[in-house]
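> For reference, this is upload_17.cif, and it has mmCIF, C-alpha atoms.
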```
data_start
loop_
_atom_site.label_atom_id
_atom_site.label_comp_id
_atom_site.auth_asym_id
_atom_site.auth_seq_id
_atom_site.Cartn_x
_atom_site.Cartn_y
_atom_site.Cartn_z
CA MET O 587 106.54 87.11 160.36
CA SER O 588 107.23 83.50 161.23
CA LYS O 589 108.72 81.41 158.51
CA LYS O 590 106.70 78.67 156.85
CA LYS O 591 108.08 75.26 157.71
CA ILE O 592 108.64 73.09 154.65
CA SER O 593 110.50 69.94 153.84
CA VAL O 594 112.34 69.78 150.53
CA ALA O 595 113.91 66.71 148.93
CA LEU O 596 116.48 67.19 146.23
CA THR O 597 119.23 65.53 144.25
CA GLY O 598 122.51 66.90 142.91
CA LEU O 599 124.56 66.64 146.12
CA ASN O 600 127.75 65.96 144.16
CA ASN O 601 129.56 69.19 144.88
CA THR O 602 132.67 68.03 143.05
CA ASP O 603 134.79 69.55 140.26
CA ASN O 604 131.79 68.77 138.04
CA PRO O 605 129.22 70.00 140.51
CA GLY O 606 125.54 69.23 140.66
CA PRO O 607 123.21 72.12 141.49
CA GLY O 608 122.00 70.61 144.80
CA VAL O 609 124.15 72.59 147.23
CA PRO O 610 123.64 76.04 145.63
CA VAL O 611 119.89 75.37 145.36
CA ILE O 612 119.85 74.46 149.07
CA ARG O 613 121.82 77.60 149.94
CA GLY O 614 119.22 79.69 148.15
CA ILE O 615 116.34 77.97 149.95
CA ARG O 616 118.08 78.29 153.31
CA GLU O 617 118.52 82.03 152.73
CA SER O 618 114.80 82.49 152.16
CA ALA O 619 113.09 84.94 154.47
CA GLU O 620 109.82 83.05 154.02
CA PHE O 621 110.77 79.40 154.48
CA ASP O 622 112.26 77.42 157.29
CA ALA O 623 113.30 74.39 155.28
CA ARG O 624 114.24 70.91 156.32
CA ILE O 625 116.44 69.53 153.56
CA ILE O 626 116.34 65.89 152.55
CA GLY O 627 119.18 64.93 150.26
CA LEU O 628 118.73 62.14 147.74
CA ALA O 629 122.12 60.69 146.80
CA TYR O 630 123.02 58.29 144.02
CA GLU O 631 126.60 57.77 145.19
CA ASN O 632 127.85 57.38 148.75
CA LEU O 633 130.63 59.95 148.33
CA GLU O 634 128.54 62.89 147.18
CA PRO O 635 130.03 65.61 149.41
CA ALA O 636 126.80 67.27 150.58
CA ILE O 637 125.73 64.01 152.26
CA TYR O 638 128.32 64.81 154.93
CA MET O 639 127.64 68.57 155.07
CA HIS O 640 125.19 68.54 157.96
CA ASP O 641 124.68 72.30 157.97
CA VAL O 642 123.49 71.99 154.36
CA VAL O 643 121.57 68.70 154.30
CA ASP O 644 119.55 67.54 157.33
CA LYS O 645 119.02 63.96 156.26
CA THR O 646 120.20 61.92 153.30
CA TYR O 647 118.74 58.84 151.63
CA GLN O 648 120.49 56.84 148.98
CA VAL O 649 118.41 56.24 145.84
CA PRO O 650 118.89 53.94 142.84
CA TYR O 651 120.08 55.36 139.53
CA PRO O 652 117.32 56.02 136.96
CA SER O 653 119.17 53.54 134.73
CA GLU O 654 117.97 50.78 137.08
CA GLY O 655 114.46 51.65 135.98
CA ALA O 656 112.39 54.78 136.44
CA ASP O 657 109.76 52.84 138.41
CA VAL O 658 112.37 51.49 140.80
CA LEU O 659 113.55 55.04 141.48
CA ILE O 660 110.03 56.42 141.94
CA GLN O 661 108.94 53.57 144.22
CA HIS O 662 112.04 54.16 146.33
CA ILE O 663 111.26 57.89 146.56
CA LEU O 664 107.66 57.09 147.58
CA LYS O 665 108.92 54.78 150.32
CA ILE O 666 111.18 57.52 151.63
CA HIS O 667 108.22 59.91 151.55
CA GLU O 668 106.07 57.47 153.54
CA LYS O 669 108.72 57.23 156.22
CA ASP O 670 109.94 60.83 156.19
CA PRO O 671 107.38 63.03 154.37
CA PHE O 672 108.46 66.00 152.31
CA ASP O 673 106.48 68.74 150.57
CA LEU O 674 108.36 69.00 147.33
CA LEU O 675 111.00 67.42 145.23
CA ILE O 676 113.61 69.26 143.16
CA PRO O 677 115.47 66.98 140.75
CA ASN O 678 118.71 68.55 139.62
CA PHE O 679 120.10 66.20 136.99
CA ASP O 680 119.17 66.08 133.30
CA ALA O 681 119.46 62.29 133.28
CA GLU O 682 116.82 61.76 135.99
CA LEU O 683 114.31 64.38 134.84
CA TYR O 684 112.50 62.09 132.43
CA ALA O 685 111.64 59.68 135.24
CA PHE O 686 110.34 62.46 137.48
CA MET O 687 108.35 64.20 134.74
CA ARG O 688 106.64 60.95 133.84
CA ALA O 689 105.84 60.32 137.49
CA GLU O 690 104.61 63.85 138.23
CA GLU O 691 101.02 62.71 138.72
CA THR O 692 101.99 59.73 140.91
CA LEU O 693 104.18 61.97 143.02
CA GLY O 694 101.45 64.60 143.21
CA LYS O 695 98.90 62.04 144.43
CA ALA O 696 101.31 61.10 147.19
CA GLY O 697 101.56 64.76 148.19
CA ILE O 698 104.94 65.47 146.62
CA ARG O 699 104.95 68.71 144.64
CA THR O 700 107.30 69.33 141.74
CA PHE O 701 107.73 72.16 139.27
CA LEU O 702 109.17 70.59 136.13
CA PRO O 703 109.07 71.20 132.39
CA THR O 704 106.47 69.21 130.47
CA LEU O 705 107.63 66.14 128.55
CA GLU O 706 107.10 68.05 125.30
CA GLN O 707 109.23 70.96 126.48
CA PHE O 708 111.90 68.56 127.69
CA GLU O 709 111.99 66.59 124.44
CA GLU O 710 111.95 69.41 121.93
CA ARG O 711 114.96 71.23 123.39
CA HIS O 712 117.16 68.08 123.34
CA LYS O 713 120.53 68.65 121.74
CA SER O 714 119.59 66.28 118.94
CA ASN O 715 116.37 68.27 118.28
CA LEU O 716 117.94 71.72 118.54
CA PRO O 717 117.83 72.57 114.78
CA ASP O 718 114.05 71.92 114.72
CA PHE O 719 113.66 73.84 117.96
CA GLY O 720 115.51 76.79 116.41
CA GLU O 721 113.29 76.74 113.35
CA LYS O 722 110.08 76.43 115.34
CA TYR O 723 110.86 79.34 117.67
CA ASP O 724 112.89 81.49 115.25
CA LEU O 725 116.20 81.12 117.07
CA LYS O 726 119.74 80.92 115.75
CA VAL O 727 121.19 77.51 116.56
CA PRO O 728 124.30 75.81 115.21
CA PHE O 729 123.70 73.03 112.71
CA SER O 730 123.81 69.68 114.48
CA LYS O 731 123.20 66.04 113.77
CA PRO O 732 122.88 62.97 115.99
CA ILE O 733 125.01 59.96 115.05
CA PHE O 734 124.50 56.39 116.21
CA LYS O 735 127.38 54.51 114.53
CA GLN O 736 131.13 54.95 114.25
CA GLU O 737 130.80 54.52 110.49
CA GLU O 738 128.98 57.84 110.31
CA ILE O 739 132.08 59.73 111.51
CA GLU O 740 133.84 59.52 108.11
CA GLU O 741 130.77 61.00 106.45
CA LEU O 742 130.67 64.06 108.70
CA LYS O 743 132.88 66.09 106.36
CA LYS O 744 129.98 66.23 103.91
CA ASP O 745 127.89 68.27 106.35
CA PHE O 746 130.44 69.92 108.66
CA GLU O 747 133.65 71.88 108.57
CA TYR O 748 136.29 71.10 111.18
CA PRO O 749 136.63 71.90 114.02
CA LEU O 750 133.27 70.66 115.28
CA MET O 751 131.75 69.86 118.65
CA VAL O 752 131.19 66.29 119.84
CA LYS O 753 128.56 66.12 122.57
CA GLY O 754 126.90 63.56 124.80
CA LYS O 755 123.10 63.48 124.94
CA PHE O 756 123.12 64.68 128.55
CA TYR O 757 126.63 65.84 129.42
CA ASP O 758 130.15 66.33 128.03
CA ALA O 759 131.25 68.34 125.02
CA TYR O 760 134.58 68.29 123.23
CA LEU O 761 136.05 70.20 120.31
CA ALA O 762 137.43 67.92 117.58
CA TYR O 763 139.74 68.98 114.76
CA ASN O 764 139.70 65.74 112.74
CA THR O 765 137.97 62.37 112.39
CA GLU O 766 140.42 60.65 114.77
CA GLN O 767 139.51 63.09 117.53
CA VAL O 768 135.79 62.65 116.80
CA ARG O 769 136.25 58.88 117.10
CA MET O 770 138.10 59.22 120.40
CA HIS O 771 135.42 61.48 121.90
CA TYR O 772 132.64 59.31 120.44
CA ASN O 773 134.00 56.27 122.31
CA LYS O 774 134.56 58.14 125.53
CA ILE O 775 131.15 59.84 125.62
CA SER O 776 129.09 56.88 124.37
CA ALA O 777 130.66 54.61 127.02
CA LYS O 778 129.50 57.06 129.68
CA TRP O 779 126.20 58.43 128.44
CA GLY O 780 125.13 56.11 125.62
CA LEU O 781 123.94 57.06 122.15
CA PRO O 782 123.31 59.17 120.16
CA ILE O 783 126.36 61.36 120.03
CA ILE O 784 125.53 64.86 118.86
CA ILE O 785 127.78 66.48 116.30
CA GLN O 786 127.41 70.24 116.34
CA GLU O 787 128.78 73.06 114.21
CA PHE O 788 131.41 75.03 116.13
CA ILE O 789 130.51 78.72 116.46
CA LYS O 790 133.43 81.01 117.21
CA GLY O 791 132.72 83.61 119.84
CA THR O 792 132.21 84.17 123.53
CA GLU O 793 130.18 81.71 125.56
CA VAL O 794 127.64 83.23 127.88
CA ASN O 795 125.01 81.54 130.03
CA VAL O 796 121.65 82.53 131.42
CA VAL O 797 119.91 80.99 134.42
CA ALA O 798 116.18 81.52 134.22
CA LEU O 799 112.88 80.42 135.70
CA GLY O 800 109.62 80.16 133.78
CA ASP O 801 106.21 80.02 135.46
CA GLY O 802 104.71 77.66 132.87
CA LYS O 803 102.35 80.35 131.59
CA GLY O 804 104.87 82.14 129.42
CA ASN O 805 106.24 84.53 132.03
CA THR O 806 109.88 84.85 133.03
CA VAL O 807 110.03 84.87 136.81
CA GLY O 808 113.73 85.69 136.83
CA ALA O 809 116.80 85.60 134.59
CA VAL O 810 120.46 86.38 135.19
CA PRO O 811 123.14 86.24 132.46
CA MET O 812 126.70 85.27 133.32
CA ARG O 813 130.02 84.98 131.59
CA LYS O 814 132.45 82.30 132.73
CA GLN O 815 135.73 83.90 133.79
CA TYR O 816 137.60 80.74 134.75
CA ILE O 817 136.79 77.42 133.16
CA THR O 818 137.94 74.02 134.45
CA ASP O 819 139.27 71.29 132.18
CA LYS O 820 135.74 69.82 132.33
CA GLY O 821 134.43 73.07 130.85
CA LYS O 822 132.74 74.07 134.11
CA ALA O 823 132.68 77.62 135.41
CA TRP O 824 135.00 78.07 138.40
CA ALA O 825 134.42 81.82 138.38
CA GLY O 826 131.90 84.02 136.63
CA ILE O 827 130.40 87.48 136.50
CA THR O 828 126.87 88.79 135.92
CA LEU O 829 126.31 90.74 132.71
CA ASP O 830 124.15 93.62 131.63
CA ASP O 831 122.94 92.52 128.21
CA LYS O 832 119.41 93.30 127.14
CA LYS O 833 119.69 91.12 124.04
CA LEU O 834 120.36 88.08 126.21
CA LEU O 835 117.40 88.86 128.45
CA ASP O 836 115.12 89.48 125.47
CA LEU O 837 116.19 86.15 123.98
CA THR O 838 115.46 84.41 127.30
CA ASP O 839 112.01 86.03 127.50
CA HIS O 840 111.32 85.00 123.91
CA ILE O 841 112.18 81.35 124.63
CA ILE O 842 110.21 81.23 127.87
CA SER O 843 107.16 82.98 126.45
CA SER O 844 107.03 80.98 123.24
CA THR O 845 107.61 77.59 124.88
CA LYS O 846 105.67 78.48 128.08
CA TRP O 847 108.64 77.00 129.88
CA ARG O 848 107.88 75.55 133.29
CA GLY O 849 110.69 75.41 135.84
CA GLY O 850 114.37 76.24 135.92
CA MET O 851 116.54 76.37 132.83
CA GLU O 852 120.04 77.24 131.75
CA LEU O 853 120.67 78.67 128.31
CA GLU O 854 124.12 78.13 126.87
CA ILE O 855 124.70 80.75 124.22
CA VAL O 856 127.60 81.74 121.99
CA LYS O 857 127.83 85.40 121.13
CA SER O 858 129.57 85.43 117.75
CA PHE O 859 132.06 88.12 116.84
CA ASP O 860 129.36 89.91 114.83
CA ASN O 861 127.17 89.95 117.98
CA GLU O 862 124.70 87.27 116.88
CA LEU O 863 123.39 85.00 119.64
CA TYR O 864 123.44 81.25 118.95
CA ILE O 865 121.72 78.86 121.34
CA ILE O 866 124.05 75.90 121.77
CA GLU O 867 122.19 74.13 124.57
CA ILE O 868 119.10 74.45 126.72
CA ASN O 869 119.47 72.62 130.00
CA PRO O 870 116.10 71.83 131.58
CA ARG O 871 117.05 72.57 135.18
CA ILE O 872 118.78 75.06 137.41
CA PRO O 873 122.58 75.11 136.85
CA ALA O 874 125.28 74.67 139.51
CA TRP O 875 126.18 78.38 139.35
CA VAL O 876 122.68 79.48 140.41
CA TYR O 877 124.00 80.87 143.69
CA LEU O 878 125.46 83.76 141.66
CA ALA O 879 121.88 84.73 140.78
CA VAL O 880 120.95 84.55 144.47
CA GLY O 881 123.95 86.76 145.31
CA ALA O 882 122.99 89.19 142.56
CA GLY O 883 119.48 89.62 143.98
CA GLN O 884 117.36 86.89 142.38
CA ASN O 885 116.74 83.96 144.70
CA LEU O 886 115.55 81.65 141.93
CA PRO O 887 115.60 78.46 144.09
CA GLU O 888 113.24 80.16 146.57
CA ALA O 889 111.01 81.29 143.69
CA LEU O 890 110.98 77.72 142.34
CA VAL O 891 109.85 76.44 145.75
CA LYS O 892 107.04 79.01 145.80
CA LEU O 893 105.89 78.03 142.30
CA ALA O 894 105.93 74.36 143.27
CA LEU O 895 103.85 75.11 146.36
CA GLY O 896 101.35 77.06 144.25
CA MET O 897 102.22 80.39 145.86
CA ASP O 898 102.16 83.73 144.03
CA VAL O 899 105.54 84.82 142.78
CA GLU O 900 106.34 88.37 141.81
CA PRO O 901 108.77 88.33 138.84
CA PHE O 902 112.23 89.74 139.53
CA THR O 903 112.89 92.94 137.61
CA GLU O 904 116.55 93.55 138.39
CA TYR O 905 119.83 92.05 139.54
CA GLU O 906 123.26 93.42 140.34
CA VAL O 907 125.58 93.66 137.33
CA GLY O 908 129.27 92.87 137.88
CA LYS O 909 128.56 90.46 140.75
CA MET O 910 131.09 87.64 140.71
CA PHE O 911 131.39 84.14 142.06
CA VAL O 912 134.63 82.28 142.62
CA ARG O 913 134.22 78.61 143.43
CA TYR O 914 136.53 76.91 145.90
CA SER O 915 137.29 73.40 147.04
CA SER O 916 137.54 72.36 150.65
CA ASP O 917 138.44 69.15 152.48
CA LEU O 918 135.48 68.08 154.56
CA ILE O 919 136.50 65.83 157.45
CA THR O 920 134.02 63.12 158.34
CA ASP O 921 134.03 59.84 160.18
CA LEU O 922 134.08 56.33 158.78
CA LYS O 923 130.95 55.67 160.88
CA GLU O 924 128.99 58.14 158.74
CA PHE O 925 130.19 56.56 155.51
CA GLU O 926 129.40 53.12 156.95
CA LYS O 927 125.90 54.17 157.98
CA LEU O 928 125.03 55.49 154.53
CA SER O 929 126.65 52.54 152.76
CA THR O 930 124.90 49.86 154.83
CA LEU O 931 121.58 51.42 155.83
CA GLY O 932 121.16 53.71 152.82
CA GLU O 933 120.52 56.76 154.96
CA LEU O 934 122.37 59.23 157.10
CA MET U 700 134.00 108.38 118.48
CA LYS U 701 132.41 107.57 121.81
CA ILE U 702 133.15 105.15 124.62
CA LYS U 703 130.10 102.98 125.35
CA LYS U 704 128.00 104.64 128.03
CA ASN U 705 127.91 101.63 130.31
CA ILE U 706 131.69 101.18 130.51
CA ALA U 707 132.72 101.98 134.06
CA VAL U 708 136.29 103.16 134.69
CA SER U 709 137.40 103.41 138.32
CA GLU U 710 139.92 105.87 139.73
CA THR U 711 142.55 103.14 139.66
CA GLY U 712 142.08 102.62 135.92
CA PHE U 713 140.07 99.41 136.22
CA ALA U 714 137.50 99.25 133.43
CA PHE U 715 134.56 96.83 133.30
CA ASP U 716 132.45 96.09 130.26
CA PRO U 717 129.12 94.89 131.75
CA THR U 718 127.85 93.58 128.41
CA GLY U 719 130.77 91.31 127.61
CA GLY U 720 131.95 90.74 131.17
CA GLU U 721 135.57 91.62 130.35
CA SER U 722 137.69 93.81 132.59
CA TYR U 723 140.80 95.81 131.70
CA SER U 724 143.57 97.72 133.45
CA ILE U 725 144.27 101.09 131.88
CA ASN U 726 147.30 103.27 132.65
CA GLY U 727 147.12 106.92 133.61
CA VAL U 728 147.37 108.32 130.09
CA GLY U 729 144.75 105.87 128.82
CA GLN U 730 142.44 106.94 131.65
CA GLU U 731 142.86 110.59 130.73
CA ILE U 732 142.02 109.86 127.09
CA ILE U 733 138.96 107.84 128.07
CA THR U 734 137.79 110.62 130.38
CA LEU U 735 138.16 113.13 127.54
CA LEU U 736 136.29 110.83 125.15
CA LYS U 737 133.50 110.46 127.70
CA GLU U 738 133.32 114.23 127.92
CA GLY U 739 132.62 114.21 124.19
CA LYS U 740 135.93 115.79 123.10
CA SER U 741 136.97 115.34 119.47
CA PRO U 742 140.32 113.71 118.52
CA GLU U 743 141.64 117.19 117.64
CA GLU U 744 140.68 118.60 121.04
CA ILE U 745 142.18 115.58 122.80
CA SER U 746 145.39 115.98 120.81
CA SER U 747 145.57 119.65 121.73
CA ILE U 748 145.05 118.96 125.45
CA MET U 749 147.52 116.07 125.57
CA THR U 750 150.29 117.77 123.58
CA GLN U 751 150.08 120.74 125.96
CA GLU U 752 150.24 118.49 128.99
CA TYR U 753 152.96 116.10 127.79
CA GLU U 754 156.17 116.52 125.84
CA ILE U 755 154.92 115.00 122.61
CA ASP U 756 154.31 116.44 119.16
CA ALA U 757 150.88 116.20 117.52
CA ALA U 758 151.97 113.73 114.82
CA SER U 759 153.43 111.25 117.33
CA PHE U 760 150.42 111.64 119.63
CA GLU U 761 148.05 110.97 116.75
CA LYS U 762 149.84 107.70 115.94
CA TYR U 763 149.55 106.45 119.56
CA PHE U 764 146.02 107.81 119.90
CA TYR U 765 144.68 105.90 116.88
CA ASP U 766 146.52 102.75 118.01
CA PHE U 767 144.71 103.08 121.33
CA MET U 768 141.39 103.71 119.58
CA GLY U 769 141.95 100.60 117.47
CA MET U 770 142.45 98.61 120.64
CA LEU U 771 139.27 100.00 122.21
CA ARG U 772 137.37 99.18 119.04
CA GLN U 773 138.77 95.64 118.95
CA PHE U 774 137.59 95.13 122.54
CA GLN U 775 134.19 96.54 121.52
CA LEU U 776 134.37 99.38 124.01
CA ILE U 777 133.39 101.99 121.42
CA GLU U 778 129.85 102.66 120.23
CA GLU U 779 129.24 100.62 117.08
CA ASP U 780 127.48 103.38 115.15
CA GLU U 781 130.41 105.77 115.38
#
```
Could you spell out this file's structure in structure tokens?

Amino acid sequence: MSKKKISVALTGLNNTDNPGPGVPVIRGIRESAEFDARIIGLAYENLEPAIYMHDVVDKTYQVPYPSEGADVLIQHILKIHEKDPFDLLIPNFDAELYAFMRAEETLGKAGIRTFLPTLEQFEERHKSNLPDFGEKYDLKVPFSKPIFKQEEIEELKKDFEYPLMVKGKFYDAYLAYNTEQVRMHYNKISAKWGLPIIIQEFIKGTEVNVVALGDGKGNTVGAVPMRKQYITDKGKAWAGITLDDKKLLDLTDHIISSTKWRGGMELEIVKSFDNELYIIEINPRIPAWVYLAVGAGQNLPEALVKLALGMDVEPFTEYEVGKMFVRYSSDLITDLKEFEKLSTLGEL
Amino acid sequence: MKIKKNIAVSETGFAFDPTGGESYSINGVGQEIITLLKEGKSPEEISSIMTQEYEIDAASFEKYFYDFMGMLRQFQLIEEDE
């Protein structure tokens, strides 16, 4: 059977110590037995490693940050599409998703397929909305509260016991043992990601994660749970192992079926010492460790492509338990000419 | 007292808990005890087998055996309903 030729544009090429999911998503798509994919990388920064990995990305275009205006970003993407058409777009950052979800119709009219959560799904699972989300869908979530002013930090002791978690609205999470530490993290995170800062009850236990894909009709196309075995100082998994835990899979099915989740997601869960599962975050996209799922038998990036293209997807029913990933860093040698080309012309 | 069914112990004494994702290294004596537990032997039967095989009296064995069981329980490797 000859492979179907497709062209896929995606972001998240920053394969750094805080990696974006772009490269593992591409690896999954490239391993597909059904697709022969041309990969178009969309880079926000000119030193995102995958730009220079020519066996991973075929062509890269630089794009403006969503903070410069969602319309500016979308218009730029449409211009790229006019010049170098692609079939579908896979955004891989939380911070850009809003812009792409809002523009789904515009992109669709231009012939660019996406497979994203709805705005309602995206909004209701926000860290700041998690308590309401937990109540609505009968899930255990830690108590949390968004704060917008430094003055609110002193008052936290009324509602929380220390230690507590201090989180950014998109990224970053730190454990704080007193008000001084909350203040320090508040300043650091708000300077980077803006407000609000989310204060969350700290649940003691083991953190486990699930990567999953929902078809938008309430069905789980695939789900693989993982426990981080080695965690970097940024809290990112540097090694992990797949788990056999029916409770985690049942919880994932419950969330996907009750929200009719559309697209990739990552559940961050704490399993407390009395074996209760607390949802601490729901990330509305595929995580950077998704290649573990591919290695364990569920090529979720390929399934996402199929869903976006409107193809039938048979849900995965199994995966290999005890499959591990160990991340590594490598020095990629490139030429100044390449860096110059991307920096001046905005493409490579 | 039963070891969870899904705990896999290799010939080298490497044990993997697929629910929690933890792995452990177990020495030869620990492996023997786990094998006997998996076979459904009672603590009394295990004590009898081990005291015949090794130079240890039943009272001393019992002390080490329940220490080991405590450790397995702490690591949640034992069936909860036992």
> Using only C-alpha atoms, can you tell me which of O:Pro873, O:Gly800, O:Pro703, O:Gly780 comes closest to O:Lys822?
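Among the listed residues, the smallest separation from O:Lys822 belongs to O:Pro873.
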> Got a sec to resolve the PyMOL selection byres ((chain U) within 8 of (chain O)) on this structure and send the residues as a PyMOL selection string?
chain U and resi 717-720
> Would you output that residue set with C-alpha atoms, as a short mmCIF file (atom, residue, chain, number, x, y, z; two decimals), in the coordinates of the input?

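Once written, part_4.cif looks like this:
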```cif
data_model
loop_
_atom_site.label_atom_id
_atom_site.label_comp_id
_atom_site.auth_asym_id
_atom_site.auth_seq_id
_atom_site.Cartn_x
_atom_site.Cartn_y
_atom_site.Cartn_z
CA PRO U 717 129.12 94.89 131.75
CA THR U 718 127.85 93.58 128.41
CA GLY U 719 130.77 91.31 127.61
CA GLY U 720 131.95 90.74 131.17
#
```
> Find the spatial neighbours of U:Lys703, counting all atoms listed in the file, within a cut-off of 8 Å - ignore same-chain residues fewer than 4 positions away - and output them as a ChimeraX atom specification.
/U:776-778
> Calculate how many Å separate atom CA of O:Gln736 from atom CA of O:Asn773, rounding to one decimal.
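These atoms are spaced 8.7 Å apart.
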> Hey, what comes out of the PyMOL selection byres ((chain U and resi 734-751) around 9) on this file? Could you write it as a PyMOL selection string?
chain U and resi 700-704+708+728-733+752-757+760-761+764
> What is the distance between atom CA of O:Phe701 and atom CA of O:Ala798, in Å to one decimal?
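Separation between atom CA of O:Phe701 and atom CA of O:Ala798: 13.6 Å.
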> Please evaluate the PyMOL selection byres ((chain O and resi 910-923) around 9) against the structure above and give the resulting residues as a list in words.
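Applied to this file, the PyMOL selection byres ((chain O and resi 910-923) around 9) selects Thr602, Asp603, Pro635, Tyr638, Met639, Met812, Tyr816, Ala823, Trp824, Ala825, Gly826, Ile827, Thr828, Trp875, Tyr877, Leu878, Gly881, Ala882, Val907, Gly908, Lys909, Glu924, Phe925, Glu926, Lys927 and Leu928 of chain O.
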> Using the file's own x, y and z axes, what box holds all listed atoms of stretch 593-609 of chain O with 5 Å on each side, keeping edges along x, y and z, and what are its centre and edge lengths in Å to one decimal, as JSON?

```
{"center_x": 122.6, "center_y": 69.1, "center_z": 145.9, "size_x": 34.3, "size_y": 17.1, "size_z": 25.8}
```
> Could you tell me how far atom CA of O:Asp673 lies from atom CA of O:Arg699, in Å and to one decimal?
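Atom CA of O:Arg699 lies at a distance of 6.1 Å from atom CA of O:Asp673.
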> Can you list, as a PyMOL selection string, every protein, DNA or RNA residue that comes within 7 Å of O:Val752 when you count all atoms listed in the file, leaving out same-chain residues fewer than 6 positions away?
chain O and resi 759-762+768+771+783-786
> Just give me the residues with any atom within 8 Å of (140.1, 103.5, 133.5), file coordinates, counting all atoms listed in the file, written as a list of chain:residue names.
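Output: U:Ala707, U:Val708, U:Ser709, U:Glu710, U:Thr711, U:Gly712, U:Phe713, U:Ala714, U:Tyr723, U:Ser724, U:Ile725, U:Asn726, U:Gly727, U:Gly729, U:Gln730, U:Ile733.
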> Of the candidates O:Ile855, O:Ile676, O:Ala685, O:Val642, which one gets nearest to O:Ile660 if we count only C-alpha atoms?
O:Ala685
